[in-house]
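target-v2.txt follows; it contains compact mmCIF, C-alpha atoms.
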```
# COMPACT_ATOMS: atom_id res chain seq x y z
CA MET A 1 0.00 0.00 0.00
CA THR A 2 1.41 3.42 -0.94
CA GLY A 3 1.87 6.29 1.50
CA THR A 4 -1.18 7.97 -0.04
CA SER A 5 -3.29 4.88 0.52
CA LYS A 6 -2.15 4.51 4.13
CA SER A 7 -2.92 8.15 4.87
CA LEU A 8 -6.35 7.85 3.36
CA VAL A 9 -7.17 4.66 5.26
CA VAL A 10 -6.45 6.47 8.52
CA GLY A 11 -8.38 9.54 7.32
CA LEU A 12 -11.37 7.48 6.23
CA ALA A 13 -11.42 5.69 9.55
CA LEU A 14 -11.54 9.07 11.28
CA VAL A 15 -14.28 10.34 8.96
CA PHE A 16 -16.41 7.23 9.39
CA THR A 17 -15.95 7.38 13.14
CA ALA A 18 -16.77 11.10 13.24
CA CYS A 19 -19.83 10.63 11.03
CA GLY A 20 -21.14 7.68 13.00
CA GLY A 21 -23.60 9.74 15.03
CA SER A 22 -27.13 10.83 14.25
CA LYS A 23 -27.92 12.42 10.90
CA SER A 24 -29.49 15.34 12.74
CA LYS A 25 -28.05 18.66 11.65
CA ASP A 26 -28.21 19.84 15.26
CA ALA A 27 -24.90 18.79 16.79
CA THR A 28 -26.34 19.24 20.27
CA THR A 29 -28.87 16.43 19.77
CA ALA A 30 -28.29 13.54 22.16
CA GLY A 31 -26.13 10.86 20.56
CA SER A 32 -24.80 13.12 17.83
CA ILE A 33 -21.18 14.11 17.70
CA GLY A 34 -21.70 16.43 14.71
CA LYS A 35 -20.07 16.49 11.31
CA GLY A 36 -16.52 17.73 11.03
CA SER A 37 -14.99 19.65 8.17
CA ALA A 38 -13.28 17.59 5.46
CA ILE A 39 -11.20 20.64 4.60
CA GLU A 40 -9.99 20.91 8.19
CA ALA A 41 -9.42 17.16 8.45
CA PHE A 42 -7.62 16.62 5.13
CA GLY A 43 -6.48 20.08 4.05
CA LEU A 44 -6.02 21.36 0.52
CA THR A 45 -2.83 19.43 -0.12
CA PRO A 46 -1.68 17.28 -3.03
CA PRO A 47 -1.38 13.50 -2.96
CA ASP A 48 1.85 11.97 -1.65
CA SER A 49 2.67 10.74 -5.16
CA PRO A 50 2.29 12.81 -8.33
CA TRP A 51 -1.18 12.34 -9.83
CA ALA A 52 0.23 11.23 -13.19
CA GLU A 53 2.21 8.45 -11.49
CA MET A 54 -0.62 7.09 -9.34
CA SER A 55 -2.24 3.78 -10.24
CA VAL A 56 -5.91 3.71 -11.20
CA ALA A 57 -6.72 2.11 -7.83
CA ASP A 58 -4.77 4.76 -5.88
CA ARG A 59 -6.44 7.55 -7.88
CA GLU A 60 -9.88 6.10 -7.18
CA PHE A 61 -9.12 5.72 -3.48
CA TYR A 62 -7.73 9.27 -3.29
CA MET A 63 -10.76 10.70 -5.09
CA ILE A 64 -13.23 8.87 -2.86
CA GLY A 65 -11.30 9.39 0.38
CA LYS A 66 -10.13 12.98 0.01
CA VAL A 67 -11.19 14.85 -3.12
CA ASN A 68 -14.91 14.03 -2.94
CA PRO A 69 -15.37 15.01 0.73
CA VAL A 70 -13.34 18.22 0.34
CA MET A 71 -14.92 19.31 -2.95
CA GLY A 72 -18.34 18.28 -1.67
CA GLU A 73 -17.88 20.62 1.27
CA ILE A 74 -16.77 23.44 -1.04
CA PHE A 75 -19.76 22.99 -3.35
CA GLU A 76 -22.23 22.55 -0.48
CA ARG A 77 -21.00 25.79 1.12
CA TYR A 78 -21.65 27.57 -2.19
CA ASP A 79 -25.14 26.14 -2.75
CA PRO A 80 -26.36 23.74 -0.03
CA GLU A 81 -29.56 22.79 -1.83
CA GLU A 82 -28.02 22.23 -5.27
CA TYR A 83 -25.03 20.25 -4.02
CA GLU A 84 -26.48 18.32 -1.08
CA GLY A 85 -25.27 14.75 -1.54
CA PHE A 86 -22.40 15.82 -3.81
CA ASP A 87 -20.70 12.83 -5.38
CA CYS A 88 -18.70 11.60 -8.37
CA VAL A 89 -21.49 12.28 -10.90
CA ASP A 90 -21.38 16.01 -10.12
CA CYS A 91 -17.96 16.26 -11.78
CA HIS A 92 -17.62 13.15 -13.93
CA GLY A 93 -21.15 13.09 -15.38
CA GLU A 94 -23.70 10.32 -15.74
CA GLU A 95 -21.47 8.50 -18.22
CA MET A 96 -18.53 8.37 -15.79
CA ARG A 97 -18.14 4.59 -15.90
CA GLU A 98 -18.44 4.37 -19.68
CA ILE A 99 -15.70 7.00 -20.10
CA GLU A 100 -13.62 5.46 -17.28
CA PHE A 101 -13.80 8.73 -15.30
CA LYS A 102 -11.73 10.56 -17.94
CA MET A 103 -11.81 14.32 -17.83
CA PRO A 104 -13.01 16.63 -19.20
CA ALA A 105 -16.37 14.93 -18.96
CA PRO A 106 -18.29 15.38 -22.23
CA SER A 107 -21.64 15.94 -20.48
CA MET A 108 -20.39 18.78 -18.28
CA TYR A 109 -21.32 22.36 -19.08
CA VAL A 110 -19.29 23.60 -22.05
CA VAL A 111 -16.95 26.43 -21.02
CA PRO A 112 -16.01 28.28 -24.21
CA PRO A 113 -12.40 29.44 -24.58
CA GLU A 114 -11.59 32.83 -23.03
CA GLY A 115 -12.02 35.80 -25.34
CA THR A 116 -14.71 34.15 -27.44
CA PRO A 117 -18.27 35.50 -27.68
CA GLY A 118 -19.49 32.34 -25.92
CA HIS A 119 -17.17 32.96 -22.98
CA ARG A 120 -18.23 36.60 -22.70
CA GLY A 121 -21.87 35.50 -22.75
CA MET A 122 -21.19 32.95 -19.98
CA LEU A 123 -19.58 35.68 -17.85
CA VAL A 124 -22.66 37.89 -18.24
CA THR A 125 -25.18 35.08 -17.71
CA PHE A 126 -23.52 33.29 -14.78
CA PRO A 127 -21.18 35.81 -13.09
CA GLU A 128 -21.43 34.37 -9.55
CA THR A 129 -20.92 30.81 -10.70
CA VAL A 130 -17.97 31.71 -12.91
CA GLN A 131 -16.37 33.64 -10.05
CA PHE A 132 -16.90 30.70 -7.66
CA MET A 133 -15.44 28.24 -10.16
CA GLN A 134 -12.44 30.43 -11.02
CA GLU A 135 -11.59 31.64 -7.52
CA THR A 136 -12.52 28.61 -5.43
CA VAL A 137 -13.11 25.37 -7.33
CA THR A 138 -10.30 25.45 -9.88
CA PRO A 139 -7.54 26.40 -7.41
CA ALA A 140 -8.78 23.85 -4.86
CA MET A 141 -8.84 21.01 -7.40
CA GLY A 142 -5.41 22.00 -8.67
CA LYS A 143 -4.04 21.86 -5.12
CA LEU A 144 -5.75 18.56 -4.33
CA LEU A 145 -4.35 16.93 -7.46
CA GLY A 146 -0.98 18.68 -7.28
CA ILE A 147 -1.48 20.12 -10.78
CA GLU A 148 -0.27 23.71 -11.14
CA ASP A 149 -1.84 24.48 -14.51
CA PHE A 150 -5.30 23.18 -13.58
CA THR A 151 -7.94 25.12 -15.54
CA CYS A 152 -11.68 25.06 -16.21
CA ALA A 153 -10.88 22.92 -19.27
CA SER A 154 -9.49 20.23 -16.96
CA CYS A 155 -13.09 19.36 -16.06
CA HIS A 156 -15.25 21.10 -18.66
CA PRO A 157 -15.19 20.62 -22.42
CA THR A 158 -14.42 23.80 -24.38
CA SER A 159 -16.65 22.89 -27.32
CA PRO A 160 -19.79 20.81 -27.78
CA PRO A 161 -19.23 17.10 -28.40
CA GLN A 162 -18.83 16.25 -32.06
CA LYS A 163 -21.69 14.18 -33.40
CA LYS A 164 -20.63 11.03 -35.17
CA LYS A 165 -21.37 11.23 -38.86
CA LYS A 166 -23.41 8.43 -40.30
CA ALA A 167 -21.90 6.77 -43.30
CA SER A 168 -24.15 7.81 -46.17
CA ALA A 169 -22.09 6.13 -48.83
CA LYS A 170 -22.74 2.46 -49.53
CA LYS A 171 -20.16 -0.07 -50.61
CA SER A 172 -20.90 -1.91 -53.78
CA SER A 173 -20.27 -5.60 -54.10
CA SER A 174 -16.91 -4.76 -55.68
CA GLY A 175 -15.81 -3.01 -52.48
CA LYS A 176 -15.88 0.45 -54.05
CA ILE A 177 -17.77 3.25 -52.33
CA ASN A 178 -20.78 4.55 -54.20
CA GLY A 179 -21.91 8.01 -53.23
```

Show me the file's structure as structure tokens.
Amino acid sequence: MTGTSKSLVVGLALVFTACGGSKSKDATTAGSIGKGSAIEAFGLTPPDSPWAEMSVADREFYMIGKVNPVMGEIFERYDPEEYEGFDCVDCHGEEMREIEFKMPAPSMYVVPPEGTPGHRGMLVTFPETVQFMQETVTPAMGKLLGIEDFTCASCHPTSPPQKKKKASAKKSSSGKING
């Protein structure tokens, strides 16, 4: 087990122990020990090993054990109703398993390249969200993954997915394409 895995096992044990009380949001309720902060518990620090060198299993464990709780807390602080129950789908999309959790996720909101009319329109339409993503989410994810040049395009596509063209030409029995 790598150093990252060992750290996360201990951290997960602490989280599960700390979250073992009542689901009541009132920490003063009898039997409840309250919910601690993932950010305080884990910090905004990179993995022990560089992300690019981590195995698929270590990446998955790190995402589940550290990134999801920390980013969930960040998103829930921003919009508690929208992001209650934050999990993998919120970033990786419904097709996460089919795409093997690759990023950027094709179903995520398209963030047009800076300087384009689409980007300017996004800034006008969603100013608070863009500010939150640029000033909070992107730097936090970059720190958690240890990636200095982490950008919006690390999670969001910059153009709509290309539709697969249907082959309109038919092959003749000779193998030549007839159009």

A:Gly93 environment, 9 Å, only C-alpha atoms, sequence neighbours closer than 4 positions dropped, as an MDAnalysis selection string: chainID A and resid 88:89 101 105:108

Of the listed residues A:Glu53, A:Glu60, A:Glu76, A:Glu148, that which approaches A:Ala38 most closely, counting all atoms listed in the file: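 Smallest distance to A:Ala38 is found for A:Glu76.
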
Given only C-alpha atoms as the counted atoms, nearest of A:Glu73, A:Glu40, A:Asp58, A:Glu114 to A:Thr136: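 Smallest distance to A:Thr136 is found for A:Glu73.
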
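For the set A:Phe150, A:Phe86, A:Phe42, A:Tyr62, the residue with the smallest atom-to-atom gap to A:Gln134 is A:Phe150, counting only C-alpha atoms.
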
Interatomic distance, atom CA of A:Pro113 to atom CA of A:Lys143 (Å, one decimal):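 Separation of atom CA of A:Pro113 and atom CA of A:Lys143: 22.5 Å.
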
Å distance separating atom CA of A:Lys102 from atom CA of A:Gly85, one decimal place: 21.7 Å

Let me know the centre plus edge lengths, in Å and rounded to one decimal, of a box with edges along x, y and z that contains all listed atoms of stretch 112-127 of chain A and is padded by 3 Å on every side, as AutoDock Vina command-line options.
```
--center_x -18.4 --center_y 33.1 --center_z -20.4 --size_x 19.6 --size_y 15.6 --size_z 20.6
```

Interatomic distance, atom CA of A:Val130 to atom CA of A:Trp51 (Å, one decimal):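 Computed distance, atom CA of A:Val130 to atom CA of A:Trp51, equals 25.8 Å.
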
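Omitting A:Met71 and its sequence neighbours fewer than 6 positions away, and counting all atoms listed in the file, the residues within 8 Å are Val137, Ala140 and Met141 of chain A.
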
Surrounding residues of A:Ala52 excluding itself and chain neighbours under 3 positions, 10 Å, only C-alpha atoms, as JSON, numbers by chain: {"A": [49, 55, 56, 59, 145, 146, 147]}

Distance criterion (only C-alpha atoms): nearest to A:Val110 out of A:Ile64, A:Leu144, A:Pro46, A:Met122: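 Of A:Ile64, A:Leu144, A:Pro46, A:Met122, the one nearest A:Val110, counting only C-alpha atoms, is A:Met122.
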